[in-house]
Amino acid sequence: MFSSTFLTQLLSAIPRSSFERSVEAHQADRYVKRCTSWQLLVTLVSGHLTQALSLRSLATFSETLAPHRYHLRAGPIARSTLSDALNKRDYRPLQDLCEILLSGVSRQQRKDIGAMVSLVDSTSITLRGPHFDDWTAATKTRITQGLKVHVGLDLAQRAPVYVNITPANVNDLSDALEMPIQTGMTYVFDKGYCDYNWWHQLQAKGAFFVTRLKKNANLKVLREHSTVVEQSAVMTDEVVQFGKKYLGGKRLNDYRDEPVRRVVVAREGHATPLVLVTNDFARSAEEIANLYKDRWRIELFFKWIKQHLKLKRFYAFSENAVRLQIYSALISYLLLHLFHRRSGFQGSLFELTVRIAYALHERPATQEFKDRRRQEQDQLKAAQGSLQL
């Protein structure tokens, strides 16, 4: 009985027809003879799963695709051909594919029972050196140089629902202003997204937000929202109102006439408390504090992507090659997330990734046979030992 390999099952979640239409629309495979966009995608995903550290190791691993060429529609790629493909093959089909997979996670987010929570943040991809400076030096900041990946992470699924890659000098708030807003969603973000007018836009679209408040915020206390419970980390829970001062000296504060909620939470090991602001008046103060505490899960997501999918070293130095590698890493994560959910695997995503990496070309039926054979051998050895006694 035929059984697909783990790699084939992972890639089966990709809508091939949609990907091919994107390749055709962007003419990514025009005049291509050896390495198509699909072949490049399969090779890059395989490289992320096996943690290939260099272009040479990636090309060497592509040789293992030869026996599975028919089912994968991809085969070995020479190192020079792979280098040319990374620099010349358009990254936009992979970007479109990433958007399709993200929309699938977003649909699952709306189907799940419970509150929808999106953690919003960004991470920097440092690209500095003689090979990168040609296209990253012009957009560098005082802190970093390279690209910035903006992400909206679904708290329940631990999977992104929004991704955008920009130069390093693009402000987090500037990207957030272009991010699509969903009604009923609770957005959790840090002080880097402080803009009262954007917060008002979130509320106008039926969304909620939880964030930290700056020290110089001009507020007027209206009343107490809830009584603080003893032995709780929550110090105060009040309804406040923003002042009517101009933001940045130019814009009016659209939130000036509407009340918001301020929750002050004591932090263990810190002298100053955590001051949170939200437009959610239904959750308890403890739930608001826990939501902001969960914001660190997006930091863990960034760390996971960079460590386990090797997004710290790049196979080529052009902007196109770097974007191809970033999008293929995100696609790899989304494919793993979908496979983890559909397979019913009880372990963590990391454990699943390790197992698949060591058995990428194994067939599940073959693996089950090996496990059963090993179990029978162990039972036989145990029986032989008892007979000898």
# chains A, B, ... in the order shown; residues from 1 in each chain; ligands from 1
$ residues_around --residues "Ser174 in chain A" --least-positions-apart "2" --cutoff "12 Å" --atoms "only C-alpha atoms" --output "NGL selection string"
:A and (122 or 150 or 164 or 166-167 or 169-172 or 176-179 or 192-195 or 198)
$ residues_around --residues "range 230-243 of chain A" --least-positions-apart "6" --cutoff "9 Å" --atoms "only C-alpha atoms" --output "PyMOL selection string"
chain A and resi 196+217-224+253+255-268+273+285-286+289
$ write_last_selection --atoms "C-alpha atoms" --output "short mmCIF file (atom, residue, chain, number, x, y, z; two decimals), in the first residue's frame"
data_model
loop_
_atom_site.label_atom_id
_atom_site.label_comp_id
_atom_site.auth_asym_id
_atom_site.auth_seq_id
_atom_site.Cartn_x
_atom_site.Cartn_y
_atom_site.Cartn_z
CA TYR A 196 -4.52 57.40 20.92
CA ALA A 217 -0.05 60.33 29.80
CA ASN A 218 -2.51 63.14 30.56
CA LEU A 219 -5.37 61.40 32.37
CA LYS A 220 -8.28 62.33 34.58
CA VAL A 221 -9.76 59.72 36.94
CA LEU A 222 -13.54 59.46 36.57
CA ARG A 223 -14.40 56.67 38.98
CA GLU A 224 -13.35 53.32 40.34
CA ASN A 253 -6.77 63.33 20.28
CA TYR A 255 -10.08 59.57 22.22
CA ARG A 256 -10.42 62.71 24.33
CA ASP A 257 -14.15 62.40 25.10
CA GLU A 258 -14.45 58.65 25.70
CA PRO A 259 -13.57 56.77 28.90
CA VAL A 260 -11.00 54.00 29.05
CA ARG A 261 -9.87 51.70 31.80
CA ARG A 262 -6.59 51.92 33.70
CA VAL A 263 -5.33 48.85 35.57
CA VAL A 264 -2.25 49.17 37.80
CA VAL A 265 -0.50 45.86 38.56
CA ALA A 266 2.32 45.28 41.02
CA ARG A 267 5.37 43.54 39.58
CA GLU A 268 7.43 41.16 41.65
CA PRO A 273 4.09 48.89 38.97
CA ALA A 285 -8.59 43.25 36.16
CA GLU A 286 -6.74 39.95 36.68
CA ALA A 289 -3.13 41.67 33.55
#
$ select_by_dssp --residues "range 77-121 of chain A" --states "alpha helix (DSSP H)" --output "ChimeraX atom specification"
/A:79-88,92-111
$ closest_residue --among "A:Ala115, A:Lys148, A:Ile305, A:Arg158" --to "Ile331 in chain A" --atoms "only C-alpha atoms"
A:Ile305
$ residues_around --residues "range 130-144 of chain A" --least-positions-apart "5" --cutoff "8 Å" --atoms "only C-alpha atoms" --output "PyMOL selection string"
chain A and resi 124+167-169+317-319
$ closest_residue --among "A:Leu202, A:Ala329, A:Ala156, A:Ala359" --to "Arg313 in chain A" --atoms "only C-alpha atoms"
A:Ala329
$ closest_residue --among "A:Ile326, A:Leu349, A:Leu102, A:Ala282" --to "Leu41 in chain A" --atoms "only C-alpha atoms"
A:Ile326
$ residues_around --residues "Val45 in chain A" --least-positions-apart "4" --cutoff "12 Å" --atoms "only C-alpha atoms" --output "JSON, numbers by chain"
{"A": [7, 8, 10, 11, 14, 38, 39, 40, 41, 49, 50, 51, 52, 58, 61, 62, 74, 94, 309, 310, 324, 325, 326, 327, 328, 329, 330, 331, 332, 333, 334, 335, 336, 357, 360]}
$ residues_around --residues "range 19-29 of chain A" --least-positions-apart "5" --cutoff "6 Å" --atoms "only C-alpha atoms" --output "PyMOL selection string"
chain A and resi 36+89-90+93
$ residues_around --residues "Gln109 in chain A" --least-positions-apart "4" --cutoff "10 Å" --atoms "only C-alpha atoms" --output "list in words"
Ser103, Gly104, Val105, Ile113, Gly114, Ala115, Met116, Val117, Ser118, Asp154, Leu155, Ala156, Gln157, Ala159 and Val161 of chain A
$ write_last_selection --atoms "N, CA and C atoms" --output "PDB file, in the first residue's frame"
ATOM      1  N   SER A 103      -4.341  33.101   6.176  1.00  0.00           N
ATOM      2  CA  SER A 103      -5.795  33.221   6.167  1.00  0.00           C
ATOM      3  C   SER A 103      -6.448  31.951   6.694  1.00  0.00           C
ATOM      4  N   GLY A 104      -5.804  30.792   6.463  1.00  0.00           N
ATOM      5  CA  GLY A 104      -6.325  29.546   7.009  1.00  0.00           C
ATOM      6  C   GLY A 104      -6.270  29.526   8.524  1.00  0.00           C
ATOM      7  N   VAL A 105      -5.177  30.032   9.094  1.00  0.00           N
ATOM      8  CA  VAL A 105      -5.069  30.130  10.550  1.00  0.00           C
ATOM      9  C   VAL A 105      -6.102  31.113  11.087  1.00  0.00           C
ATOM     10  N   ILE A 113     -13.987  28.254  19.792  1.00  0.00           N
ATOM     11  CA  ILE A 113     -14.822  28.834  20.841  1.00  0.00           C
ATOM     12  C   ILE A 113     -13.922  29.578  21.817  1.00  0.00           C
ATOM     13  N   GLY A 114     -14.301  30.786  22.151  1.00  0.00           N
ATOM     14  CA  GLY A 114     -13.512  31.566  23.087  1.00  0.00           C
ATOM     15  C   GLY A 114     -13.135  32.911  22.498  1.00  0.00           C
ATOM     16  N   ALA A 115     -12.502  33.724  23.328  1.00  0.00           N
ATOM     17  CA  ALA A 115     -12.122  35.065  22.905  1.00  0.00           C
ATOM     18  C   ALA A 115     -10.979  35.022  21.902  1.00  0.00           C
ATOM     19  N   MET A 116     -11.033  35.908  20.915  1.00  0.00           N
ATOM     20  CA  MET A 116      -9.970  36.018  19.922  1.00  0.00           C
ATOM     21  C   MET A 116      -8.963  37.051  20.406  1.00  0.00           C
ATOM     22  N   VAL A 117      -7.722  36.621  20.542  1.00  0.00           N
ATOM     23  CA  VAL A 117      -6.661  37.493  21.040  1.00  0.00           C
ATOM     24  C   VAL A 117      -5.493  37.445  20.061  1.00  0.00           C
ATOM     25  N   SER A 118      -5.016  38.608  19.648  1.00  0.00           N
ATOM     26  CA  SER A 118      -3.883  38.709  18.736  1.00  0.00           C
ATOM     27  C   SER A 118      -2.773  39.511  19.407  1.00  0.00           C
ATOM     28  N   ASP A 154      -1.854  34.676  16.899  1.00  0.00           N
ATOM     29  CA  ASP A 154      -3.048  34.196  17.588  1.00  0.00           C
ATOM     30  C   ASP A 154      -2.620  33.516  18.880  1.00  0.00           C
ATOM     31  N   LEU A 155      -3.145  33.974  20.005  1.00  0.00           N
ATOM     32  CA  LEU A 155      -2.723  33.470  21.307  1.00  0.00           C
ATOM     33  C   LEU A 155      -3.118  32.016  21.503  1.00  0.00           C
ATOM     34  N   ALA A 156      -4.297  31.614  21.039  1.00  0.00           N
ATOM     35  CA  ALA A 156      -4.768  30.252  21.268  1.00  0.00           C
ATOM     36  C   ALA A 156      -4.000  29.234  20.435  1.00  0.00           C
ATOM     37  N   GLN A 157      -3.738  29.545  19.164  1.00  0.00           N
ATOM     38  CA  GLN A 157      -3.084  28.582  18.276  1.00  0.00           C
ATOM     39  C   GLN A 157      -1.564  28.692  18.281  1.00  0.00           C
ATOM     40  N   ALA A 159       0.084  30.656  16.457  1.00  0.00           N
ATOM     41  CA  ALA A 159       0.434  30.737  15.043  1.00  0.00           C
ATOM     42  C   ALA A 159       0.111  32.137  14.542  1.00  0.00           C
ATOM     43  N   VAL A 161      -1.292  35.209  12.312  1.00  0.00           N
ATOM     44  CA  VAL A 161      -2.417  35.494  11.432  1.00  0.00           C
ATOM     45  C   VAL A 161      -2.124  36.717  10.560  1.00  0.00           C
TER      46      VAL A 161
END
$ closest_residue --among "A:Val229, A:Asp378, A:Arg110, A:Pro160" --to "His337 in chain A" --atoms "only C-alpha atoms"
A:Pro160
$ closest_residue --among "A:Val151, A:Leu82, A:Ala207, A:Val163" --to "Gln182 in chain A" --atoms "only C-alpha atoms"
A:Ala207
